[in-house]
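Data block for upload_25.cif (mmCIF, C-alpha atoms):
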data_upload
#
loop_
_atom_site.label_atom_id
_atom_site.label_comp_id
_atom_site.auth_asym_id
_atom_site.auth_seq_id
_atom_site.Cartn_x
_atom_site.Cartn_y
_atom_site.Cartn_z
CA TYR Q 1 0.00 0.00 0.00
CA VAL Q 2 1.26 3.47 -0.96
CA ALA Q 3 -0.32 6.63 0.43
CA PRO Q 4 -2.53 8.60 -2.01
CA TYR Q 5 -1.60 11.95 -3.57
CA LEU Q 6 2.02 11.23 -4.43
CA ILE Q 7 2.98 14.79 -5.25
CA GLY Q 8 6.36 15.07 -6.97
CA ILE Q 9 7.05 11.34 -6.66
CA ASP Q 10 7.83 10.68 -10.34
CA TYR Q 11 10.89 12.87 -10.64
CA ARG Q 12 12.11 11.80 -7.20
CA ALA Q 13 11.79 8.14 -8.19
CA LYS Q 14 13.27 8.27 -11.69
CA HIS Q 15 16.93 8.19 -10.63
CA ILE Q 16 16.35 5.15 -8.39
CA SER Q 17 14.33 3.36 -11.08
CA PHE Q 18 17.08 4.03 -13.62
CA TRP Q 19 19.61 2.49 -11.21
CA LEU Q 20 17.39 -0.58 -10.76
CA GLN Q 21 17.10 -0.99 -14.53
CA ASN Q 22 20.74 -0.30 -15.47
CA GLY Q 23 21.50 -3.94 -16.35
CA SER Q 24 24.58 -4.14 -14.12
CA ALA Q 25 25.75 -7.61 -13.15
CA ASP Q 26 26.93 -6.33 -9.78
CA VAL Q 27 24.97 -6.73 -6.54
CA GLY Q 28 23.96 -3.13 -5.98
CA ILE Q 29 23.13 -1.31 -2.75
CA LEU Q 30 21.34 2.06 -2.69
CA MET Q 31 20.57 4.05 0.45
CA VAL Q 32 17.55 6.36 0.66
CA CYS Q 33 18.27 8.91 3.40
CA GLY Q 34 16.45 11.79 5.02
CA MET Q 35 14.76 13.00 8.19
CA GLY Q 36 11.71 11.30 9.68
CA GLY Q 37 8.45 12.17 7.92
CA ILE Q 38 10.18 13.24 4.70
CA GLY Q 39 8.78 10.33 2.65
CA LYS Q 40 11.58 7.75 2.46
CA THR Q 41 9.25 4.77 2.90
CA THR Q 42 6.67 6.16 0.47
CA LEU Q 43 9.35 6.66 -2.17
CA ALA Q 44 10.77 3.18 -1.61
CA LYS Q 45 7.30 1.60 -1.88
CA PHE Q 46 6.60 3.47 -5.11
CA VAL Q 47 9.90 2.38 -6.65
CA TYR Q 48 9.43 -1.20 -5.41
CA ASN Q 49 5.90 -1.49 -6.81
CA SER Q 50 7.09 -0.15 -10.16
CA ASN Q 51 10.05 -2.52 -10.51
CA PHE Q 52 9.66 -5.76 -8.50
CA HIS Q 53 8.13 -7.62 -11.47
CA ALA Q 54 11.47 -7.37 -13.31
CA PHE Q 55 13.14 -9.58 -10.69
CA GLU Q 56 12.81 -13.30 -9.98
CA GLY Q 57 12.25 -12.71 -6.29
CA SER Q 58 11.45 -9.69 -4.13
CA SER Q 59 10.77 -8.62 -0.56
CA PHE Q 60 9.87 -5.32 1.09
CA VAL Q 61 10.65 -5.47 4.81
CA LEU Q 62 8.78 -2.64 6.52
CA ASN Q 63 9.73 -0.84 9.75
CA ILE Q 64 12.84 -2.80 10.65
CA ARG Q 65 13.77 -0.46 13.51
CA GLU Q 66 10.63 -1.29 15.49
CA ILE Q 67 10.39 -4.99 14.66
CA SER Q 68 14.02 -5.64 15.56
CA LYS Q 69 13.30 -4.45 19.12
CA GLN Q 70 10.77 -7.24 19.61
CA PRO Q 71 11.77 -10.63 21.03
CA ASN Q 72 13.52 -12.52 18.21
CA GLY Q 73 12.89 -9.48 16.03
CA LEU Q 74 15.75 -10.10 13.60
CA VAL Q 75 14.59 -13.69 13.15
CA LYS Q 76 11.09 -12.41 12.32
CA LEU Q 77 12.58 -10.17 9.65
CA GLN Q 78 14.52 -13.08 8.16
CA LYS Q 79 11.37 -15.24 8.12
CA GLN Q 80 9.55 -12.54 6.16
CA ILE Q 81 12.34 -12.33 3.58
CA LEU Q 82 12.32 -16.12 3.18
CA SER Q 83 8.53 -16.27 2.85
CA ASP Q 84 8.49 -13.46 0.28
CA ILE Q 85 11.28 -14.87 -1.89
CA LEU Q 86 10.18 -18.51 -1.69
CA LYS Q 87 6.49 -17.56 -1.92
CA ARG Q 88 5.61 -19.76 1.06
CA THR Q 89 3.47 -18.69 3.99
CA LYS Q 90 5.69 -19.93 6.83
CA GLU Q 91 9.40 -20.57 7.24
CA ARG Q 92 11.09 -22.01 10.32
CA VAL Q 93 14.14 -20.12 11.58
CA SER Q 94 15.49 -20.65 15.10
CA CYS Q 95 18.30 -18.07 15.17
CA VAL Q 96 19.92 -15.32 13.12
CA ASP Q 97 22.81 -17.50 11.93
CA GLU Q 98 20.40 -20.16 10.66
CA GLY Q 99 18.41 -17.40 8.96
CA ILE Q 100 21.49 -16.19 7.09
CA VAL Q 101 22.15 -19.72 5.79
CA LYS Q 102 18.54 -20.22 4.71
CA ILE Q 103 18.34 -16.84 3.01
CA SER Q 104 21.58 -17.54 1.12
CA ASP Q 105 20.07 -20.84 -0.12
CA ALA Q 106 16.86 -19.05 -1.15
CA LEU Q 107 18.85 -16.46 -3.10
CA SER Q 108 20.73 -19.07 -5.10
CA GLY Q 109 20.33 -18.44 -8.84
CA LYS Q 110 17.77 -15.62 -8.42
CA ARG Q 111 17.99 -11.94 -9.23
CA VAL Q 112 16.15 -10.38 -6.30
CA LEU Q 113 15.00 -6.93 -5.25
CA LEU Q 114 15.19 -6.43 -1.49
CA VAL Q 115 14.04 -3.30 0.36
CA LEU Q 116 15.01 -2.86 4.02
CA ASP Q 117 12.93 -0.03 5.46
CA ASP Q 118 13.82 2.20 8.44
CA VAL Q 119 17.15 0.66 9.40
CA ASP Q 120 18.93 2.34 12.32
CA ASP Q 121 21.52 -0.20 13.46
CA SER Q 122 24.27 -2.10 11.64
CA ASP Q 123 23.24 -5.38 13.35
CA GLN Q 124 19.96 -5.23 11.45
CA LEU Q 125 21.88 -5.05 8.18
CA ASN Q 126 24.33 -7.79 9.18
CA ALA Q 127 21.40 -10.19 9.67
CA VAL Q 128 20.78 -9.91 5.92
CA LEU Q 129 23.82 -8.39 4.28
CA GLY Q 130 26.26 -10.69 6.06
CA MET Q 131 26.16 -12.75 2.89
CA LYS Q 132 26.06 -10.01 0.23
CA SER Q 133 28.57 -12.01 -1.84
CA LEU Q 134 25.97 -14.80 -2.12
CA PHE Q 135 23.38 -12.61 -3.82
CA PHE Q 136 22.97 -13.54 -7.48
CA PRO Q 137 24.53 -11.05 -9.95
CA GLY Q 138 22.13 -8.25 -10.85
CA SER Q 139 20.32 -8.29 -7.51
CA LYS Q 140 19.50 -4.92 -5.94
CA ILE Q 141 19.15 -3.86 -2.30
CA ILE Q 142 17.52 -0.60 -1.20
CA ILE Q 143 17.92 0.61 2.39
CA THR Q 144 15.91 3.48 3.90
CA THR Q 145 17.46 5.15 6.92
CA ARG Q 146 17.88 8.42 8.77
CA HIS Q 147 21.56 7.57 9.30
CA GLU Q 148 23.60 7.85 6.11
CA ARG Q 149 26.74 6.40 7.70
CA ILE Q 150 25.12 3.24 9.01
CA LEU Q 151 26.87 1.21 6.30
CA ASN Q 152 30.49 1.27 5.12
CA PRO Q 153 30.57 3.78 2.22
CA HIS Q 154 32.59 1.30 0.12
CA LEU Q 155 29.61 -1.10 0.14
CA VAL Q 156 27.13 1.47 -1.16
CA ASP Q 157 26.74 2.22 -4.88
CA LYS Q 158 24.47 5.21 -4.53
CA VAL Q 159 23.01 7.47 -1.83
CA TYR Q 160 19.75 9.27 -2.55
CA THR Q 161 18.73 12.03 -0.13
CA VAL Q 162 15.00 12.75 -0.21
CA GLU Q 163 14.28 16.44 -0.70
CA LYS Q 164 11.55 18.37 1.08
CA LEU Q 165 8.53 19.40 -0.99
CA ASP Q 166 8.69 22.88 -2.47
CA THR Q 167 5.98 25.45 -1.71
CA ASP Q 168 3.74 24.55 -4.67
CA GLU Q 169 4.03 20.81 -4.01
CA SER Q 170 3.33 21.37 -0.31
CA LEU Q 171 0.20 23.41 -1.01
CA GLU Q 172 -1.09 20.77 -3.42
CA LEU Q 173 -0.53 17.90 -0.98
CA TYR Q 174 -2.11 19.81 1.89
CA SER Q 175 -5.08 20.79 -0.29
CA TRP Q 176 -5.81 17.24 -1.38
CA HIS Q 177 -6.05 16.13 2.25
CA ALA Q 178 -7.89 19.21 3.55
CA PHE Q 179 -10.22 19.96 0.63
CA GLY Q 180 -10.16 16.91 -1.65
CA LYS Q 181 -8.79 18.94 -4.56
CA PRO Q 182 -5.35 20.22 -5.65
CA HIS Q 183 -5.89 23.78 -4.41
CA PRO Q 184 -7.58 25.47 -1.43
CA VAL Q 185 -11.28 26.32 -1.63
CA GLU Q 186 -12.36 29.95 -1.69
CA GLY Q 187 -11.57 31.84 1.50
CA PHE Q 188 -8.94 29.35 2.72
CA LEU Q 189 -5.91 30.32 0.61
CA VAL Q 190 -4.21 32.63 3.12
CA GLY Q 191 -4.64 30.17 5.98
CA SER Q 192 -3.50 27.26 3.83
CA ASN Q 193 -0.34 29.12 2.89
CA GLU Q 194 0.39 29.68 6.58
CA VAL Q 195 -0.02 25.97 7.34
CA VAL Q 196 2.25 25.09 4.42
CA LYS Q 197 4.89 27.54 5.63
CA ARG Q 198 4.88 26.03 9.11
CA CYS Q 199 5.14 22.44 7.82
CA GLY Q 200 8.44 23.23 6.10
CA GLY Q 201 7.97 20.85 3.18
CA ILE Q 202 7.56 17.73 5.36
CA PRO Q 203 4.92 15.47 3.75
CA LEU Q 204 3.89 13.75 7.00
CA ALA Q 205 3.03 17.06 8.66
CA LEU Q 206 1.15 18.30 5.58
CA ARG Q 207 -0.89 15.09 5.34
CA VAL Q 208 -1.80 14.94 9.01
CA LEU Q 209 -2.69 18.62 9.41
CA GLY Q 210 -4.64 18.58 6.17
CA SER Q 211 -6.61 15.51 7.25
CA SER Q 212 -7.31 17.01 10.69
CA LEU Q 213 -8.79 20.16 9.09
CA ALA Q 214 -10.81 18.36 6.42
CA GLY Q 215 -14.44 19.48 6.51
CA GLN Q 216 -13.82 22.10 9.19
CA ASN Q 217 -15.17 25.65 8.89
CA LEU Q 218 -13.02 28.75 8.52
CA ASP Q 219 -13.17 29.61 12.24
CA VAL Q 220 -11.72 26.22 13.23
CA CYS Q 221 -9.01 26.51 10.58
CA GLN Q 222 -8.05 30.00 11.75
CA SER Q 223 -7.91 28.82 15.36
CA THR Q 224 -5.58 25.98 14.33
CA ILE Q 225 -3.37 28.42 12.43
CA LYS Q 226 -3.02 30.56 15.56
CA LYS Q 227 -1.75 27.48 17.40
CA LEU Q 228 0.70 26.79 14.57
CA GLN Q 229 2.09 30.31 14.74
CA VAL Q 230 3.58 29.69 18.18
CA VAL Q 231 5.33 26.51 17.04
CA PRO Q 232 8.94 26.98 15.86
CA ASN Q 233 9.36 26.25 12.16
CA ASN Q 234 9.90 22.55 11.34
CA ARG Q 235 9.26 21.32 14.91
CA ILE Q 236 7.28 18.42 13.51
CA ILE Q 237 6.35 16.78 16.82
CA GLU Q 238 4.69 20.02 17.95
CA LEU Q 239 2.86 20.33 14.63
CA LEU Q 240 1.50 16.79 14.94
CA LYS Q 241 0.46 17.36 18.56
CA ILE Q 242 -2.08 19.91 17.31
CA SER Q 243 -3.80 17.17 15.28
CA TYR Q 244 -3.86 14.91 18.32
CA GLU Q 245 -5.43 17.68 20.44
CA SER Q 246 -8.23 18.07 17.87
CA LEU Q 247 -9.43 14.49 18.52
CA GLU Q 248 -12.50 13.67 20.59
CA ASP Q 249 -11.74 12.39 24.10
CA ASP Q 250 -12.47 8.74 23.24
CA ASP Q 251 -10.23 8.87 20.17
CA ARG Q 252 -7.42 10.51 22.18
CA SER Q 253 -7.62 7.71 24.72
CA LEU Q 254 -7.61 5.08 21.97
CA PHE Q 255 -4.62 6.78 20.32
CA LEU Q 256 -2.66 6.59 23.59
CA HIS Q 257 -3.59 2.96 24.25
CA ILE Q 258 -2.48 1.92 20.76
CA ALA Q 259 0.72 4.00 20.84
CA CYS Q 260 1.79 2.54 24.19
CA PHE Q 261 0.56 -1.06 24.07
CA PHE Q 262 -0.77 -2.27 20.72
CA LEU Q 263 1.58 -1.26 17.92
CA TRP Q 264 2.08 -4.13 15.45
CA GLU Q 265 -0.66 -6.13 17.15
CA ASP Q 266 -3.36 -7.70 15.04
CA LYS Q 267 -6.31 -5.31 14.70
CA ASP Q 268 -8.92 -7.90 15.73
CA PHE Q 269 -6.91 -8.81 18.84
CA ALA Q 270 -6.62 -5.14 19.82
CA VAL Q 271 -10.34 -4.53 19.24
CA LYS Q 272 -11.26 -7.50 21.45
CA ILE Q 273 -9.16 -6.12 24.33
CA LEU Q 274 -9.90 -2.41 23.94
CA ASP Q 275 -13.66 -2.84 23.54
CA LYS Q 276 -13.65 -4.00 27.17
CA CYS Q 277 -12.36 -0.52 28.05
CA GLU Q 278 -15.46 1.00 26.37
CA LEU Q 279 -13.36 2.87 23.81
CA PHE Q 280 -15.63 2.27 20.76
CA THR Q 281 -12.57 0.76 19.14
CA ILE Q 282 -13.70 0.01 15.58
CA VAL Q 283 -15.08 3.51 15.00
CA GLY Q 284 -12.09 5.05 16.78
CA ILE Q 285 -9.56 3.15 14.68
CA GLN Q 286 -11.27 4.36 11.52
CA ASN Q 287 -11.22 7.94 12.85
CA LEU Q 288 -7.47 7.68 13.46
CA ILE Q 289 -6.91 6.21 9.99
CA ASP Q 290 -8.97 9.00 8.41
CA ARG Q 291 -6.68 11.56 10.08
CA ASP Q 292 -3.52 9.76 8.93
CA LEU Q 293 -2.56 9.01 12.54
CA LEU Q 294 -2.77 5.23 12.11
CA SER Q 295 -2.50 2.66 9.33
CA LEU Q 296 -3.15 -1.09 8.99
CA PRO Q 297 -0.41 -2.83 6.98
CA ASN Q 298 -1.33 -6.52 6.76
CA GLY Q 299 -4.10 -6.00 9.32
CA ARG Q 300 -1.72 -4.82 12.07
CA LEU Q 301 -1.79 -1.49 13.90
CA PHE Q 302 1.03 0.82 12.81
CA MET Q 303 1.98 4.42 13.64
CA HIS Q 304 4.85 6.51 12.36
CA HIS Q 305 7.55 6.80 15.04
CA TYR Q 306 6.61 10.46 15.59
CA PHE Q 307 3.11 9.44 16.69
CA LYS Q 308 4.49 6.67 18.89
CA ASN Q 309 6.79 9.18 20.59
CA LEU Q 310 3.94 11.66 20.90
CA GLY Q 311 1.85 9.00 22.67
#

In structure tokens, how does this file's structure come out?
Amino acid sequence: YVAPYLIGIDYRAKHISFWLQNGSADVGILMVCGMGGIGKTTLAKFVYNSNFHAFEGSSFVLNIREISKQPNGLVKLQKQILSDILKRTKERVSCVDEGIVKISDALSGKRVLLVLDDVDDSDQLNAVLGMKSLFFPGSKIIITTRHERILNPHLVDKVYTVEKLDTDESLELYSWHAFGKPHPVEGFLVGSNEVVKRCGGIPLALRVLGSSLAGQNLDVCQSTIKKLQVVPNNRIIELLKISYESLEDDDRSLFLHIACFFLWEDKDFAVKILDKCELFTIVGIQNLIDRDLLSLPNGRLFMHHYFKNLG
């Protein structure tokens, strides 16, 4: 799943797609770098979806930083890679070393595209890249990270730093989420420009603030803008807090419960537990999704790390 309204994605993706299609027999590694909320994962998903069919095997491993913190987290990541490449639902792996051996066997004779998303520690890479030499010629590996120096520069073919959106792109993205069209509705232009200025070209902030103001009248929008004016430019956590504060009490409580206790849990499991707390969970989850505060990859509850930290 890739978020809607991919403003400016084509020209940002073309250099990576060209690298994927360059016909090199080498095993290539490309790093996609940038601050949190800038759109690294969205860009990687777009490029992956556009190119995976050209490879004999592929895997997109989402949110490695969070999963690796779980018990046997690195083994879980290896199981996913094995399942994706071998196209089987379950793979048995008892430890990281066994996982490396099994992955190397699975890679034998296959050109694969592997995306490792949100890597923040070299151990996470070693669990997969410890056998880079065993990848079949022509395979490609994309790593998204906030830390450009996480990997030895000699191992990396290319580093792509994701740029912030410019003013026009920012206004268009915000407008799609706030008004359902590529430009502000009449009477909202001045306020929209102020929101865009405060978001500093960060797509996550533009999406979330736009979604939180969708359908609101001019008075509510102007009140929100006054709150934004006291937030230092580009302080994204403070910008996102304003969207949280606009939630109804039940949805705020649900947000906090999920952020603290239920991230990456199965949605149905979380609903069963949280309904006992009288939180109107199903409606609340949809409200959080509608405001871009929560998503459901593979039926599991997921928040961007900014929202987790906010909770």

Residue by residue, what does the PyMOL selection byres ((chain Q and resi 168-183) around 10) grab here? Present the result as a compact mmCIF listing (two decimals) with C-alpha atoms, in the coordinates of the input.
# COMPACT_ATOMS: atom_id res chain seq x y z
CA PRO Q 4 -2.53 8.60 -2.01
CA TYR Q 5 -1.60 11.95 -3.57
CA LEU Q 6 2.02 11.23 -4.43
CA ILE Q 7 2.98 14.79 -5.25
CA GLY Q 8 6.36 15.07 -6.97
CA LYS Q 164 11.55 18.37 1.08
CA LEU Q 165 8.53 19.40 -0.99
CA ASP Q 166 8.69 22.88 -2.47
CA THR Q 167 5.98 25.45 -1.71
CA PRO Q 184 -7.58 25.47 -1.43
CA VAL Q 185 -11.28 26.32 -1.63
CA GLU Q 186 -12.36 29.95 -1.69
CA PHE Q 188 -8.94 29.35 2.72
CA LEU Q 189 -5.91 30.32 0.61
CA SER Q 192 -3.50 27.26 3.83
CA ASN Q 193 -0.34 29.12 2.89
CA GLU Q 194 0.39 29.68 6.58
CA VAL Q 195 -0.02 25.97 7.34
CA VAL Q 196 2.25 25.09 4.42
CA LYS Q 197 4.89 27.54 5.63
CA CYS Q 199 5.14 22.44 7.82
CA GLY Q 200 8.44 23.23 6.10
CA GLY Q 201 7.97 20.85 3.18
CA ILE Q 202 7.56 17.73 5.36
CA PRO Q 203 4.92 15.47 3.75
CA LEU Q 204 3.89 13.75 7.00
CA ALA Q 205 3.03 17.06 8.66
CA LEU Q 206 1.15 18.30 5.58
CA ARG Q 207 -0.89 15.09 5.34
CA VAL Q 208 -1.80 14.94 9.01
CA LEU Q 209 -2.69 18.62 9.41
CA GLY Q 210 -4.64 18.58 6.17
CA SER Q 211 -6.61 15.51 7.25
CA SER Q 212 -7.31 17.01 10.69
CA LEU Q 213 -8.79 20.16 9.09
CA ALA Q 214 -10.81 18.36 6.42
CA GLY Q 215 -14.44 19.48 6.51
CA GLN Q 216 -13.82 22.10 9.19
CA ASP Q 290 -8.97 9.00 8.41
CA ARG Q 291 -6.68 11.56 10.08
CA ASP Q 292 -3.52 9.76 8.93

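Take the candidates Q:Glu66, Q:Lys241, Q:Gly191, Q:Ile85 and check each one against Ile225 in chain Q using only C-alpha atoms; the shortest distance goes to Q:Gly191.
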
Would you list the residues near (-16.3, 13.1, 21.8) (no more than 12 Å away, in the coordinates of the file, using all atoms listed in the file) as a list in words?
Glu245, Ser246, Leu247, Glu248, Asp249, Asp250, Asp251, Arg252, Ser253, Leu254, Leu279, Phe280, Val283, Gly284 and Asn287 of chain Q

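Among the candidates Q:Asp84, Q:Asp266, Q:Asp105, Q:Asp121, the residue lying nearest to Phe135 in chain Q is Q:Asp105 (atoms considered: all atoms listed in the file).
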
Show me, as a PyMOL selection string, the residues that have an atom within 10 Å of range 304-307 of chain Q when counting only C-alpha atoms, minus same-chain residues fewer than 5 positions from it.
chain Q and resi 36-37+63+65-66+204+236-237+240-241+244+255-256+259+292-295

Residue members of the PyMOL selection byres ((chain Q and resi 136-150) around 9) in the file shown, as a ChimeraX atom specification
/Q:20,23-36,40-41,44,55,107-122,125,133-135,151-153,159,161

Limited to C-alpha atoms, could you put the picked residues into a file as a PDB file, in the coordinates of the input?
ATOM      1  CA  LEU Q  20      17.390  -0.580 -10.760  1.00  0.00           C
ATOM      2  CA  GLY Q  23      21.500  -3.940 -16.350  1.00  0.00           C
ATOM      3  CA  SER Q  24      24.580  -4.140 -14.120  1.00  0.00           C
ATOM      4  CA  ALA Q  25      25.750  -7.610 -13.150  1.00  0.00           C
ATOM      5  CA  ASP Q  26      26.930  -6.330  -9.780  1.00  0.00           C
ATOM      6  CA  VAL Q  27      24.970  -6.730  -6.540  1.00  0.00           C
ATOM      7  CA  GLY Q  28      23.960  -3.130  -5.980  1.00  0.00           C
ATOM      8  CA  ILE Q  29      23.130  -1.310  -2.750  1.00  0.00           C
ATOM      9  CA  LEU Q  30      21.340   2.060  -2.690  1.00  0.00           C
ATOM     10  CA  MET Q  31      20.570   4.050   0.450  1.00  0.00           C
ATOM     11  CA  VAL Q  32      17.550   6.360   0.660  1.00  0.00           C
ATOM     12  CA  CYS Q  33      18.270   8.910   3.400  1.00  0.00           C
ATOM     13  CA  GLY Q  34      16.450  11.790   5.020  1.00  0.00           C
ATOM     14  CA  MET Q  35      14.760  13.000   8.190  1.00  0.00           C
ATOM     15  CA  GLY Q  36      11.710  11.300   9.680  1.00  0.00           C
ATOM     16  CA  LYS Q  40      11.580   7.750   2.460  1.00  0.00           C
ATOM     17  CA  THR Q  41       9.250   4.770   2.900  1.00  0.00           C
ATOM     18  CA  ALA Q  44      10.770   3.180  -1.610  1.00  0.00           C
ATOM     19  CA  PHE Q  55      13.140  -9.580 -10.690  1.00  0.00           C
ATOM     20  CA  LEU Q 107      18.850 -16.460  -3.100  1.00  0.00           C
ATOM     21  CA  SER Q 108      20.730 -19.070  -5.100  1.00  0.00           C
ATOM     22  CA  GLY Q 109      20.330 -18.440  -8.840  1.00  0.00           C
ATOM     23  CA  LYS Q 110      17.770 -15.620  -8.420  1.00  0.00           C
ATOM     24  CA  ARG Q 111      17.990 -11.940  -9.230  1.00  0.00           C
ATOM     25  CA  VAL Q 112      16.150 -10.380  -6.300  1.00  0.00           C
ATOM     26  CA  LEU Q 113      15.000  -6.930  -5.250  1.00  0.00           C
ATOM     27  CA  LEU Q 114      15.190  -6.430  -1.490  1.00  0.00           C
ATOM     28  CA  VAL Q 115      14.040  -3.300   0.360  1.00  0.00           C
ATOM     29  CA  LEU Q 116      15.010  -2.860   4.020  1.00  0.00           C
ATOM     30  CA  ASP Q 117      12.930  -0.030   5.460  1.00  0.00           C
ATOM     31  CA  ASP Q 118      13.820   2.200   8.440  1.00  0.00           C
ATOM     32  CA  VAL Q 119      17.150   0.660   9.400  1.00  0.00           C
ATOM     33  CA  ASP Q 120      18.930   2.340  12.320  1.00  0.00           C
ATOM     34  CA  ASP Q 121      21.520  -0.200  13.460  1.00  0.00           C
ATOM     35  CA  SER Q 122      24.270  -2.100  11.640  1.00  0.00           C
ATOM     36  CA  LEU Q 125      21.880  -5.050   8.180  1.00  0.00           C
ATOM     37  CA  SER Q 133      28.570 -12.010  -1.840  1.00  0.00           C
ATOM     38  CA  LEU Q 134      25.970 -14.800  -2.120  1.00  0.00           C
ATOM     39  CA  PHE Q 135      23.380 -12.610  -3.820  1.00  0.00           C
ATOM     40  CA  LEU Q 151      26.870   1.210   6.300  1.00  0.00           C
ATOM     41  CA  ASN Q 152      30.490   1.270   5.120  1.00  0.00           C
ATOM     42  CA  PRO Q 153      30.570   3.780   2.220  1.00  0.00           C
ATOM     43  CA  VAL Q 159      23.010   7.470  -1.830  1.00  0.00           C
ATOM     44  CA  THR Q 161      18.730  12.030  -0.130  1.00  0.00           C
TER      45      THR Q 161
END

Using all atoms listed in the file, the residue out of Q:Val2, Q:Leu228, Q:Cys95, Q:Val162 with shortest distance to Gly39 in chain Q is Q:Val162

What is the CA of Leu310 in chain Q to CA of Cys260 in chain Q distance in Å?
9.9 Å

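Of note, CA of Phe18 in chain Q and CA of Tyr48 in chain Q are spaced 12.4 Å apart.
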
Point-to-point distance in Å for CA of Met303 in chain Q and CA of Leu43 in chain Q:
17.6 Å

Please list, as a PyMOL selection string, the residues that have an atom at most 10 Å away from (-12.3, -1.4, 18.5) in the coordinates of this file, counting all atoms listed in the file.
chain Q and resi 254+267-286
